[in-house]
Each structure stands twice: as C-alpha cells, then as structure tokens.
$ cat final-v2.txt   # compact mmCIF, C-alpha atoms
# COMPACT_ATOMS: atom_id res chain seq x y z
CA MET B 838 -3.62 -21.84 -1.32
CA SER B 839 -1.31 -24.30 0.41
CA GLU B 840 -1.25 -27.88 1.52
CA GLY B 841 -3.44 -28.44 4.54
CA THR B 842 -6.71 -29.65 5.96
CA ASN B 843 -9.93 -27.64 5.82
CA LEU B 844 -12.57 -29.17 8.07
CA MET B 845 -12.88 -32.75 6.66
CA HIS B 846 -11.00 -32.08 3.41
CA THR B 847 -7.31 -32.23 2.56
CA THR B 848 -5.79 -29.94 -0.08
CA LYS B 849 -2.39 -30.65 -1.58
CA PRO B 850 -0.45 -29.50 -4.65
CA ILE B 851 -0.01 -31.99 -7.47
CA GLY B 852 2.57 -30.02 -9.45
CA THR B 853 3.39 -26.81 -11.27
CA VAL B 854 3.08 -26.08 -15.00
CA PRO B 855 3.70 -22.88 -17.02
CA LEU B 856 0.70 -20.87 -18.17
CA PRO B 857 0.69 -21.52 -21.92
CA GLY B 858 0.33 -18.91 -24.63
CA LEU B 859 1.36 -15.73 -22.77
CA GLY B 860 5.10 -16.04 -22.33
CA SER B 861 4.78 -13.97 -19.17
CA GLY B 862 6.63 -16.18 -16.71
CA ILE B 863 3.37 -17.09 -14.94
CA THR B 864 3.30 -20.59 -13.48
CA LEU B 865 0.25 -22.50 -12.32
CA THR B 866 0.10 -24.89 -9.39
CA ILE B 867 -2.55 -27.59 -9.67
CA TYR B 868 -4.22 -28.53 -6.40
CA VAL B 869 -6.39 -31.48 -5.50
CA GLU B 870 -8.88 -31.43 -2.63
CA TYR B 871 -10.45 -34.59 -1.29
CA ASP B 872 -12.08 -36.13 1.75
CA PRO B 873 -9.71 -38.58 3.48
CA GLN B 874 -12.70 -40.31 5.07
CA ALA B 875 -13.82 -41.40 1.60
CA LEU B 876 -10.69 -43.54 1.15
CA THR B 877 -10.30 -47.18 2.14
CA PRO B 878 -9.09 -47.15 5.78
CA SER B 879 -6.27 -49.59 5.05
CA GLY B 880 -4.87 -47.44 2.24
CA PRO B 881 -2.99 -44.13 2.35
CA ALA B 882 -5.08 -40.98 2.13
CA ASP B 883 -3.67 -39.93 -1.23
CA PRO B 884 -5.77 -39.61 -4.41
CA THR B 885 -2.72 -40.35 -6.60
CA THR B 886 -2.72 -44.00 -5.40
CA ALA B 887 -5.04 -46.81 -6.45
CA ARG B 888 -7.26 -46.16 -3.44
CA ARG B 889 -9.12 -42.97 -4.32
CA PRO B 890 -12.35 -41.26 -3.35
CA ALA B 891 -15.10 -41.22 -5.94
CA THR B 892 -14.64 -37.49 -6.65
CA VAL B 893 -12.11 -34.75 -5.95
CA ALA B 894 -12.02 -30.97 -6.42
CA LEU B 895 -9.34 -29.50 -8.67
CA SER B 896 -8.09 -25.92 -8.68
CA VAL B 897 -5.27 -23.89 -10.22
CA VAL B 898 -3.46 -20.95 -8.65
CA GLY B 899 -0.96 -18.69 -10.41
CA HIS B 900 2.42 -17.44 -9.27
CA VAL B 901 4.01 -14.27 -10.66
CA GLY B 902 7.41 -13.16 -9.41
CA GLY B 903 6.88 -15.02 -6.16
CA GLN B 904 3.42 -13.50 -5.66
CA LEU B 905 0.29 -15.64 -5.35
CA LEU B 906 -2.42 -15.00 -7.95
CA ASP B 907 -5.60 -16.84 -6.94
CA LEU B 908 -8.47 -16.06 -9.34
CA GLY B 909 -10.90 -18.54 -7.79
CA VAL B 910 -10.55 -21.14 -10.57
CA ARG B 911 -11.90 -24.40 -9.12
CA ARG B 912 -13.99 -27.35 -10.21
CA PRO B 913 -15.65 -29.63 -7.62
CA ASP B 914 -16.89 -33.18 -8.08
CA VAL B 915 -14.34 -34.31 -10.65
CA PRO B 916 -14.40 -38.12 -11.00
CA ALA B 917 -11.16 -39.42 -9.52
CA GLN B 918 -11.24 -42.63 -11.54
CA GLY B 919 -8.99 -42.32 -14.56
CA LEU B 920 -7.08 -39.22 -13.49
CA PRO B 921 -3.46 -39.86 -14.52
CA ALA B 922 -0.66 -39.58 -12.00
CA ASP B 923 1.76 -38.11 -14.58
CA LEU B 924 1.65 -34.30 -14.34
CA GLY B 925 2.13 -33.67 -18.05
CA VAL B 926 -0.65 -36.06 -18.98
CA LEU B 927 -2.90 -34.74 -16.20
CA ALA B 928 -2.49 -31.13 -17.43
CA ALA B 929 -3.79 -32.23 -20.85
CA THR B 930 -6.92 -33.93 -19.52
CA GLU B 931 -10.26 -32.16 -19.94
CA PRO B 932 -10.86 -31.03 -16.34
CA VAL B 933 -7.36 -29.61 -15.81
CA ALA B 934 -6.96 -28.18 -19.32
CA SER B 935 -10.30 -26.40 -18.99
CA LEU B 936 -9.27 -24.96 -15.60
CA ILE B 937 -6.02 -23.67 -17.12
CA GLY B 938 -8.03 -22.10 -19.95
CA GLU B 939 -10.44 -20.54 -17.45
CA PHE B 940 -7.51 -19.07 -15.49
CA ARG B 941 -6.10 -17.54 -18.67
CA ASP B 942 -9.52 -16.08 -19.57
CA ARG B 943 -10.02 -14.62 -16.08
CA LEU B 944 -6.55 -13.11 -16.17
CA ALA B 945 -7.33 -11.45 -19.52
CA ASP B 946 -10.68 -10.16 -18.20
CA LEU B 947 -8.95 -8.77 -15.10
CA THR B 948 -6.36 -6.98 -17.23
CA VAL B 949 -9.08 -5.38 -19.38
CA HIS B 950 -11.03 -4.37 -16.29
CA LEU B 951 -7.97 -2.76 -14.69
CA ALA B 952 -7.24 -0.92 -17.94
CA ARG B 953 -10.77 0.51 -17.90
CA LEU B 954 -10.18 1.66 -14.34
CA GLY B 955 -6.99 3.39 -15.44
CA VAL B 956 -4.67 1.34 -13.23
CA ALA B 957 -3.11 -0.93 -15.88
CA THR B 958 -1.09 1.77 -17.62
CA GLY B 959 2.59 1.72 -18.43
CA ASP B 960 3.42 4.11 -15.59
CA GLY B 961 0.97 2.59 -13.13
CA VAL B 962 2.03 0.84 -9.94
CA ALA B 963 -0.19 -1.91 -8.55
CA VAL B 964 -0.76 -1.73 -4.80
CA ALA B 965 -3.00 -3.69 -2.46
CA PHE B 966 -5.61 -1.90 -0.33
CA THR B 967 -8.47 -3.15 1.80
CA VAL B 968 -11.97 -1.69 1.51
CA ASP B 969 -11.30 0.27 4.72
CA ASP B 970 -8.07 1.65 3.23
CA LEU B 971 -9.86 2.83 0.09
CA GLU B 972 -12.70 4.38 2.10
CA PHE B 973 -10.16 6.32 4.19
CA LEU B 974 -8.35 7.52 1.05
CA ARG B 975 -11.65 8.67 -0.43
CA HIS B 976 -12.38 10.57 2.80
CA CYS B 977 -8.96 12.27 2.55
CA LEU B 978 -9.58 13.23 -1.09
CA THR B 979 -13.00 14.61 -0.16
CA LEU B 980 -11.37 16.83 2.47
CA THR B 981 -8.73 17.91 -0.06
CA GLU B 982 -11.48 18.89 -2.52
CA LEU B 983 -13.10 20.97 0.23
CA ARG B 984 -9.83 22.80 0.95
CA TRP B 985 -9.27 23.64 -2.73
CA ARG B 986 -12.83 24.94 -3.04
CA GLU B 987 -12.25 27.16 0.01
CA ALA B 988 -9.00 28.44 -1.56
CA ILE B 989 -10.80 29.17 -4.84
CA ASP B 990 -13.59 31.05 -3.05
CA GLY B 991 -11.04 33.04 -1.02
CA ALA B 992 -9.02 34.02 -4.09
CA GLU B 993 -12.10 34.98 -6.11
CA THR B 994 -13.45 37.06 -3.22
CA ALA B 995 -10.10 38.83 -2.76
CA ALA B 996 -10.00 39.61 -6.50
CA GLN B 997 -13.23 41.61 -6.07
CA GLN B 998 -11.94 43.64 -3.12
CA PRO B 999 -10.20 47.02 -3.54
CA GLN B 1000 -6.47 47.03 -3.03
CA ARG B 1001 -5.46 47.94 0.52
CA ASP B 1002 -2.95 50.71 0.88
CA GLU B 1003 -1.58 49.97 4.30
CA PRO B 1004 2.03 50.61 5.26
CA ALA B 1005 4.02 47.51 6.04
CA PRO B 1006 5.26 46.96 9.59
CA PRO B 1007 8.92 47.88 10.15
CA GLY B 1008 11.19 45.30 8.56
CA PHE B 1009 8.45 43.80 6.35
CA MET B 1010 7.13 44.29 2.82
CA ASN B 1011 3.55 44.18 1.53
CA ILE B 1012 3.38 41.52 -1.20
CA GLU B 1013 -0.38 40.97 -1.48
CA PRO B 1014 -1.35 39.90 -5.01
CA THR B 1015 -3.20 42.26 -7.32
CA PRO B 1016 -6.77 41.40 -8.37
CA ALA B 1017 -5.32 39.87 -11.54
CA GLY B 1018 -2.91 37.83 -9.40
CA TYR B 1019 -5.78 36.55 -7.26
CA ARG B 1020 -7.65 35.49 -10.41
CA VAL B 1021 -4.57 33.63 -11.69
CA ALA B 1022 -4.26 31.91 -8.30
CA ALA B 1023 -7.95 30.93 -8.40
CA GLY B 1024 -7.41 29.35 -11.83
CA ARG B 1025 -4.48 27.32 -10.58
CA PHE B 1026 -6.42 26.24 -7.50
CA ARG B 1027 -9.27 25.17 -9.77
CA ALA B 1028 -6.90 23.06 -11.89
CA GLU B 1029 -5.72 21.29 -8.73
CA LEU B 1030 -9.33 20.75 -7.68
CA HIS B 1031 -10.10 19.09 -11.03
CA ARG B 1032 -7.10 16.81 -10.63
CA VAL B 1033 -8.24 15.72 -7.16
CA GLU B 1034 -11.78 15.18 -8.50
CA ARG B 1035 -10.38 12.84 -11.16
CA TYR B 1036 -8.53 10.90 -8.46
CA THR B 1037 -11.73 10.71 -6.41
CA THR B 1038 -13.67 9.34 -9.38
CA ARG B 1039 -11.00 6.73 -10.11
CA LEU B 1040 -10.80 5.76 -6.46
CA GLY B 1041 -14.59 5.41 -6.34
CA ARG B 1042 -14.44 2.85 -9.16
CA LEU B 1043 -11.70 0.95 -7.36
CA LEU B 1044 -13.76 1.02 -4.16
CA ASP B 1045 -16.77 -0.42 -6.00
CA LEU B 1046 -14.56 -3.19 -7.37
CA ALA B 1047 -13.07 -3.89 -3.93
CA ARG B 1048 -16.55 -4.07 -2.36
CA ASP B 1049 -17.77 -6.44 -5.07
CA THR B 1050 -14.73 -8.66 -4.57
CA ALA B 1051 -15.17 -8.66 -0.79
CA GLY B 1052 -18.96 -9.07 -1.00
CA ASP B 1053 -19.22 -5.77 0.86
CA HIS B 1054 -21.90 -3.13 0.29
CA GLU B 1055 -22.63 0.29 1.70
CA PRO B 1056 -25.83 0.59 3.79
CA GLY B 1057 -28.83 0.88 1.51
CA GLU B 1058 -27.06 -0.62 -1.53
CA PRO B 1059 -28.72 -3.60 -3.25
CA GLN B 1060 -27.08 -6.92 -2.50
$ encode --input "final-v2.txt" --output "structure tokens"
Amino acid sequence: MSEGTNLMHTTKPIGTVPLPGLGSGITLTIYVEYDPQALTPSGPADPTTARRPATVALSVVGHVGGQLLDLGVRRPDVPAQGLPADLGVLAATEPVASLIGEFRDRLADLTVHLARLGVATGDGVAVAFTVDDLEFLRHCLTLTELRWREAIDGAETAAQQPQRDEPAPPGFMNIEPTPAGYRVAAGRFRAELHRVERYTTRLGRLLDLARDTAGDHEPGEPQ
C-alpha cells in the first residue's frame, strides 16, 4: 500500500511504529484513507488538519526486512473527530491499537497455518508462487510420479524374467542386474515415489491455500 488516489479516495501514510511484543524487527505503517470531496473546499485535503471528513478508513501494513507484509487489516468508517495528530498518541487510541492487535493476531495465525503446511520449519525457505505456478509444479510432480511407477513396474517385471545369457558385443561388457538387483532397484524407485507423493500432497495444500487467498476455485468446486 502506498500514497495515492483510488477512484475518489486518497490514501496516505501517517507514520511508522514497531510491532509490539514480538521483538522481530517488524514495523507497521499506519495509513489513512479519506474522500477529499468530503472536506471543506477552502481547506487543504488533509485529515490531520482541523478541516476533516466525518469518517476515514484506517489500515496497518507491516514491513519485514524491506518486504511488504499486507494482511488486509483495515477498519472503515472511523470517526475523524478526535483523532490525535501525534503519532504516539494515535497509536494508543482504540481504533489504531485494535488494528495493531489484529495484525499481530493474523500474523500468529499465519505462522501456525504455515507450520501445519510444513513450510515454516527451520530449514524451510519461503518463496512466492502464483496459482498458475503451483498448478504447473503439481503437473510436473504428477508426471514424475508416473515415471517412477513405470520404473518400478519395469524393475519388478525384469526381476521375474530369466537371466539372459547373451555374449556382449566386441568391446562391451554385460552388466545387467540380477533378479535380486532388480528387486533392490524397485525398492529404491518406490522410496523415491513416496518422496514425490509427499511433495505432491504438500503442494496440494499450498495450492488450496493459494486459491482461497486469490478467491480462485477449480471448476465444479463450491464457492
């Protein structure tokens, strides 16, 4: 979110405060959104002056290591009368303090949700993907599962076949596995298949989350 005009409304930052209680280096920028047409024409279109609209919308957006963290924390129709101009005092007022508390709660809920998805682990790396990206990755994993199943079937079939006793071409050696070797290979292929299946399951949960966030649904899914 940045300063600008959206249709008939102007959004501008009031100031930045630290997110209390976490000690994580997260800062919050407080934004005010208002309708300039609601101000007295002779006065400046700024809700921090004496000439203010009747109501404004307030929102808070986080910043972590230079990255924007917008969790959709916003309250419309806040009475503008009585809102202090001092940032420290404003942050302690009921509408802003409750928005800061809501941001903290949503951040905690998001962390728990990511942990349940298995992507908030100590060795995890957060990356950003669109719904289309995740659908393509799931397609690739599905193809990989198919290839491992074909490899398993081929190894298990070869393990049941009698050993061929064919002379090697000149300059070459026959190194075909024994039936036991084929069975060992099939077991290793199966272990790889199970690993890919776990990735596919995890990716499916992430795809569901991405669709919910984007308001996207597959054909036939309930809205």
$ atom_distance --input "final-v2.txt" --atom1 "CA of Thr866 (chain B)" --atom2 "CA of Arg1048 (chain B)"
27.6 Å
$ atom_distance --input "final-v2.txt" --atom1 "CA of Lys849 (chain B)" --atom2 "CA of Val893 (chain B)"
11.4 Å
$ closest_residue --input "final-v2.txt" --among "B:Asp970, B:Asp942, B:Glu870, B:Asp990" --to "Phe1026 (chain B)" --atoms "all atoms listed in the file"
B:Asp990
$ residues_around --input "final-v2.txt" --residues "region 916-927 of chain B" --least-positions-apart "3" --cutoff "6 Å" --atoms "all atoms listed in the file" --output "PDB file with C-alpha atoms, in the frame of the given file"
ATOM      1  CA  THR B 885      -2.720 -40.350  -6.600  1.00  0.00           C
ATOM      2  CA  ALA B 891     -15.100 -41.220  -5.940  1.00  0.00           C
ATOM      3  CA  THR B 892     -14.640 -37.490  -6.650  1.00  0.00           C
ATOM      4  CA  VAL B 893     -12.110 -34.750  -5.950  1.00  0.00           C
ATOM      5  CA  THR B 930      -6.920 -33.930 -19.520  1.00  0.00           C
TER       6      THR B 930
END
$ atom_distance --input "final-v2.txt" --atom1 "CA of Val869 (chain B)" --atom2 "CA of Leu944 (chain B)"
21.2 Å
$ closest_residue --input "final-v2.txt" --among "B:Leu951, B:Leu1046, B:Leu906, B:Met1010" --to "Val968 (chain B)" --atoms "all atoms listed in the file"
B:Leu1046
$ closest_residue --input "final-v2.txt" --among "B:Val897, B:Ile937, B:Ala995, B:Leu974" --to "Leu1043 (chain B)" --atoms "all atoms listed in the file"
B:Leu974
$ closest_residue --input "final-v2.txt" --among "B:Ile863, B:Ala1028, B:Val901, B:Ala992" --to "Pro1014 (chain B)" --atoms "all atoms listed in the file"
B:Ala992
$ closest_residue --input "final-v2.txt" --among "B:Asp907, B:Pro1007, B:Leu1040, B:Arg1001" --to "Phe966 (chain B)" --atoms "all atoms listed in the file"
B:Leu1040
$ residues_around --input "final-v2.txt" --residues "Thr864 (chain B)" --least-positions-apart "2" --cutoff "6 Å" --atoms "only C-alpha atoms" --output "mmCIF file with C-alpha atoms, keeping the file's coordinate frame"
data_model
loop_
_atom_site.group_PDB
_atom_site.id
_atom_site.type_symbol
_atom_site.label_atom_id
_atom_site.label_comp_id
_atom_site.auth_asym_id
_atom_site.auth_seq_id
_atom_site.Cartn_x
_atom_site.Cartn_y
_atom_site.Cartn_z
ATOM 1 C CA VAL B 854 3.080 -26.080 -15.000
ATOM 2 C CA PRO B 855 3.700 -22.880 -17.020
ATOM 3 C CA LEU B 856 0.700 -20.870 -18.170
ATOM 4 C CA GLY B 899 -0.960 -18.690 -10.410
ATOM 5 C CA HIS B 900 2.420 -17.440 -9.270
#
